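Student: Structure provided below as structure tokens; questions to follow.
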Amino acid sequence: MTSDLLLPADFFGYESLLPEDEQKDLLALREFLASEVKPRVNAAWAAAEFPMDLVPRFAEADIVGRSYDWDGRPRASRLFTGFQAMELARVDPSMATFIGVHNGLAMGSIMVLGSEEQRQRWIPSMVRLETIGAFGLTEPEGGSDVARGMRTTARRDGDTWVLNGAKRWIGNGTFADVVVVFARDVADDQVKTFLVEKGTPGFTATKIEDKFALRTVQNADLAFTDCRIPADQKLEGGNTFKDVNKVLKVTRGGVAWSGVGCQLGAYEVALAYAKERRQFGKPIAGFQLVQDLLARMVGNVTASMGMTVRLSQLQEDDALRDDQAALAKSYVTARGRETVGWARELLGGNGIVLHYDVVRYFADAEALYSYEGTREMNTLIVGRALTGMSAFV
């Protein structure tokens, strides 16, 4: 079983750490993505449209909800869900982002911060992908400093909350059925967490056009104008920005795994191309400089995978620290930029043609590098842990 599972770029055989039942599940996911998703990704990316007809197929493939104990089924290991994120990004970082936003950020917020009643209300239909979620934290004027500078406000008015403000770069935002929205309570100046349903009066979502990374992801500008929601749609455990960080600590690990998958996809394309492309009478895979590029790429993949495997093991033991998650996210996505750049270099002119896939990974790596904490902000989290001194402004 293991010999059939391992990918050529898994140079140290990390996938063999999975138990046999999870190896089988991962192989089934790999086969599903190869047959159902991969043939669609370039056309969707070029058109900047999300293939909504794939959503029921994702539900049938049992991709969503594996991170959680739910409905009598114990959750999968953290290592498995990490490899799941990697597999998605290996085929298409946009699809990995769609699932990550829905399963990790939106569902994760409800699971971590919601009451039992709120989880019972929302999670079952989200697991079935009948209800799609989004996560509204970033604002037009607030990215890295959104914790201190959040401008979206919430005001309690009887048995409702009234939201005013705006969010930006919200993945799944154009079609999400429910959005997790963070807003500053005017009464105590603390960040609270709310669920806003599609169609709520005063709530609008507008697609961000002319985006050249993760083009399949439907990022939106969200606006709230005297948007009134019921009091029971404030998440019970979402009362400060520290509560937001409980969610982000977990999902940064998922982004790190997606960074591994993006590298892996680009490397595999480059390796296959090198074996097929002939110059000077032989495949370019036989040239020293090409082998040097391939070796550097697989080195980055292996180092990144080793870090994310350990991250998942720490998550499994409930021992993952914020600074460890931050280091993994920043390191892996930075190495990802190198890896996809070398893959593009190896393909020469064909590296900028969508048909050859690499340019899609090349562009998408830029988004992975920036979202859920820029490299600089994550390194400051690590630096604070190393020195005991905060360098945040």
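By convention in this document, the chains of the structure tokens carry letters A, B, ... by their order, each chain's residues are numbered from 1, and ligands are numbered from 1 in the order they are shown.
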Give me the residues near segment 349-353 of chain A as a list in words, where near means some atom within 12 Å (using only C-alpha atoms) and where sequence neighbours in that chain fewer than 2 positions away do not count.

Tutor: Asn42, Ala46, Ala266, Val269, Ala270, Tyr273, Ala274, Arg277, Val340, Gly341, Trp342, Ala343, Arg344, Glu345, Leu346, Leu347, His355, Tyr356, Asp357, Val358, Val359, Arg360, Tyr361, Phe362 and Ala363 of chain A

Student: What lies within 10 Å of segment 301-308 of chain A using only C-alpha atoms, ignoring chain neighbours under 5 positions off, as number ranges by chain?

Tutor: A: 9-15, 79, 82-83, 86, 253-264, 267, 295-296, 313-314, 324-325, 327-329, 331-336, 339

Student: Would you kindly return, as a list in words, each protein, DNA or RNA residue with an atom no farther than 6 Å from any atom of Arg184 of chain A, considering only C-alpha atoms and excluding same-chain residues fewer than 2 positions away?

Tutor: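 After dropping sequence-adjacent residues, the list is Thr153, Ala154, Asp189, Gln190 and Val191 of chain A.
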
Student: I need the residues from that last selection saved to file as a tab-separated table (two decimals), in the first residue's frame (with N, CA and C atoms), if you can.

Tutor:
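Listing of selection_13.tsv after writing:
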chain	number	residue	atom	x	y	z
A	153	THR	N	-17.94	48.00	13.02
A	153	THR	CA	-18.47	48.12	14.37
A	153	THR	C	-19.73	47.27	14.55
A	154	ALA	N	-19.99	46.95	15.80
A	154	ALA	CA	-21.20	46.23	16.18
A	154	ALA	C	-21.84	46.96	17.37
A	189	ASP	N	-15.36	48.11	23.22
A	189	ASP	CA	-14.20	48.22	22.33
A	189	ASP	C	-13.50	46.88	22.09
A	190	GLN	N	-14.21	45.77	22.34
A	190	GLN	CA	-13.66	44.43	22.11
A	190	GLN	C	-14.19	43.85	20.80
A	191	VAL	N	-13.36	43.01	20.15
A	191	VAL	CA	-13.76	42.39	18.88
A	191	VAL	C	-14.67	41.20	19.16

Student: Which residues in segment 103-335 of chain A does DSSP call strand (DSSP E or B)? List them as an MDAnalysis selection string.

Tutor: chainID A and resid 133:136 139 142 153:157 160:170 178:185 191:197 203:207 220:230 234 278:279 282:283

Student: So, counting only C-alpha atoms, which residue among A:Arg321, A:Arg66, A:Arg75, A:Arg90 is closest to Lys38 of chain A?

Tutor: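 Using only C-alpha atoms, Lys38 of chain A sits closest to A:Arg90.
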
Student: With segment 120-124 of chain A as the partner and 12 Å as the cut-off, tabulate the residues of segment 185-230 of chain A that qualify, each row holding the nearest pair of atoms and their distance in Å to one decimal, using only C-alpha atoms, sorted by chain and rising number, as CSV.

Tutor:
residue,atom,partner,partner_atom,distance
A:Leu195,CA,A:Trp122,CA,10.0
A:Val196,CA,A:Trp122,CA,12.0
A:Glu197,CA,A:Trp122,CA,11.2

Student: Which residue out of A:Glu236, A:Asp323, A:Glu130, A:Asp364 has the minimum interatomic distance to Leu113 of chain A when only C-alpha atoms are used?

Tutor: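 The closest residue to Leu113 of chain A is A:Glu236.
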
Student: For Lys246 of chain A, work out the shell of residues within 12 Å, counting only C-alpha atoms and skipping chain neighbours fewer than 6 positions away, then give it as a PyMOL selection string.

Tutor: chain A and resi 104-105+108-113+237-240+252+320-322+325
